[in-house]
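Comments concern the structure below.
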Amino acid sequence: MLYHLLVLGRCLYVGFIIMISKWMSVIVMLVTFVNGARNEDGIQPCAKVHTSSSVVPLGSPVTATCVIREDCPLVTGQAVHIEWRLDDRLIPSSPEASESSRVSRAVISSFNHTRAILTCCIQASPPQVVAGVEIRAGYPPEAPQNLTCQTNLTNPITITCSWDPGQRETHLPTQYSLHTEMWAENENYSYKLPQGVHHYTIPRFEFVLFYDMKIYVKAVNELGETTSAPLVLEPVSSAKFDPPRIQVISKRYGCLRLNWNLSPDQAWLQSCGLLNLEYRFKSVDSTQWNDPVLVQNAKTPVDMCHLLHWTRYFAQIRVRYQQSPWSEWSSSQSGVTLESAPTGRLDSWMEISEDPLLKQLNISLFWKPSKRFRANGQNVSYIVLVQKRVVCSTRENYCTFSLSRSVKKVYVKAVNAAGKSSPTVVQIYKHKAHPVVLDATAVPYGNNSFLVQWRSMDSSGLSDYVVKWRPLLKSGLSHIQFDIAGQNQSSIVITGSFEPYKPYGISVYPRFMDGIGPPKTFNAYLREKAPSMVPKLHIQKTWNSDIKITWDEIPLDQRNGKIQDYTVFYWNQKGPVNVVNVDTEKRSVILKDPSVHGAVLMVSTFGGSLNGSAVHFEFQPFDEVASAMIVIGSVFGLSLLIIFIVLTCFSKHERFKGIFWPVVPDPANSFVLRLTSESTQYTHPSCDSEDPIYLSHLSFPDIPMKLSKEEDDLWINSSEETSDLGESICGSPFITEYSGSNSDSVPYATVVFSGFCNSPPPKEPHVYLRSESTQPLLEAEEPFTPKCYQNLALGGMTEEQHFFGPSHDCVPEEVADPESLWDDFPFLRALAMNDTEND
């Protein structure tokens, strides 16, 4: 539109100039005729101007001569002074001009106007124009350039030719004409074009499609004419076809077959077999078309091959006749290649932990397609095999399983509906304590990538590096990803769905031919900003009047970056603000100033800082009076403790003393008054209606009425049995789970009866067995020399006394009042009472 406006403006300007020039010419002629002389032939001009040419090349010299008639009334009887003007500019006359002469000559050395009026004037007041002429200047036409012709095969069939008139403006009217010559038909045609038109459409009846013809353009103006270079063509070879149409895309292994056709008006040319075709394609996940592939003398259909299996492709085609212009690309059509078994290998990474109890290896295996892997199908799954045994089958890119320590390798295969891939061998590597990676860092690389760099030492047997990463805010093996770098690499760009302000754990592992070295692990952020929260300050005051400030760790999801440091600002009521920087691992600070009035915590990352709320301190004064009271209270409490210990140790009051040092009773001088069924492990009817006396525990072993000599010795010498019986006395019958043994008890005696309650009295005396416990029963007892023990009858002492123990060491002594002895031995008192009843 802008171009057309400029052309229109230029045409208007040229027309305006031409119109002004013509009006000037008319004015000059009118003035000449007004100033002319009358004779028998009519009014004649007073003068006449002669020039070499009225149209000259631009910049060339121009010579003009003015001749004044003798009978011109303007010069009758007076001297003539002639001057020249070009438009409104005065031009000096030539030196040859004479003032008395009526002939004057003017020379313009370089005519630089495209159009101008040259006038001859007589000097007067004002000057009188007696003659004039219009002079035009320009250039001869250039030869037309870039002549092209294109055949239109749609109805009506025509040939349209166009050309370039040249870069230089002629400033003169130029006439263009198109000429055709058909040698076979011996016919010539010429077509004149309006001024400014540089194209022409030849009708169908003036050419033949399959015969050569000569076409050229001629340009003519007042300074000359030129002709373009001739164009010889076959009209059908200059035809530009309409975009073809792809009808059907059918599938073949590794190929797609394209069925195509031309538009209905051009379909009659498709069967000639002289059309050339180009096709191009791209996969569904690609943004760039591949380079076009040429098919000469193409017929339908056309096969596109060397394609990936089970991949969707988009295809386009275009056609032309021999060397004619290409048609526009057709609309895109898509198709999917046929499915086949997966090909290529998988990249793998394995994490191993040992189970010492089961003597197995717990393995987490990860894999991903390598650059040469092709799934070649849909619904791809993976299987992990150990010695032809499938240990895992999954659609994920990881698997966990356990293996024996003797297994050295596993195999991974990709599976689809068409088959299985070749197995990828995965070695089971052992951990090696050989550090290779010295340091590792990661910096953001674009909007969704990290540039991971590391430094390592030279090591033999190194095969490659494994870079593993995972989001720290998400759990599960599905979020673990990895990439592999060569042994000579020291950096790699990892790409994934990284989010800003989220932490990611990145590890760099050295992998050897026979094991995995220790990794370098660190956290990284794609972008950082200030933390989302500042922890609350906890205030403590120490004994030496210092102030300890602590705070909790910021949750990982609210850090928004790597914490660089903690800064504590504190102040008192009159002093300035003080600053303390705290290491990120401590999260505490001790302020030596007891007059601190307030504090604020600031947390910083590389992306910014955030201040917490101000905390104001309010402590009660810790003066000297309070300190003295604490000292006095401590001394008083210590004194009471010492007095209490002394009184306890040296007191003669037996009950008071027995609280801290209880006296262990002598079982030999004790007997039980009465037994009940609730005090035993067995169920028996009660002996009488009197209130029973409950013992802590008694055990009644099942023994015969008459003990033989051997059995008697067995009972006496059996330390295991008697000790167990002795322990049973200290048990509790009220605990149902009681097992007959108590680790806190001290066994000292076992009493064995031959009957219970109302059973017939025994013919033999009761047996009292000495416990084999190594603990002395009484403080006064000497080890390995037991004293004599006696059995006391209920109701007083009898003449007959029963002793047990070594008889030759026992000497009867006077026995005190039995009633006074029962107070210290209630259990034995009950035994004695029961003995009396049995008798």
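Ordered as shown in the structure tokens, chains take letters A, B, and onward, while each chain numbers its residues from 1 and ligands are numbered from 1 in the order shown.
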- Write out as a PyMOL selection string which residues come within 9 Å of Val293 in chain A when counting only C-alpha atoms, dropping same-chain ones fewer than 3 positions away. chain A and resi 277-280+290
A straight line from CA of Val107 in chain A to CA of Pro173 in chain A spans 26.4 Å
### Query
Where does DSSP see strand (DSSP E or B) in range 224-451 of chain A, if you list the residues as an NGL selection string?
:A and (224-227 or 231-233 or 239 or 245-252 or 255-261 or 275-283 or 293-295 or 302-304 or 312-321 or 333-336 or 343 or 346-355 or 360-369 or 374 or 381-386 or 389-394 or 398-404 or 409-416 or 419-420 or 424-427 or 430-431 or 437-444 or 449-451)
Review point. Within 12 Å of range 227-229 of chain A, counting only C-alpha atoms, which residues qualify if same-chain residues fewer than 6 places away don't, as a VMD selection string?
Key: chain A and resid 140 to 148 162 to 166 175 to 179 214 to 220
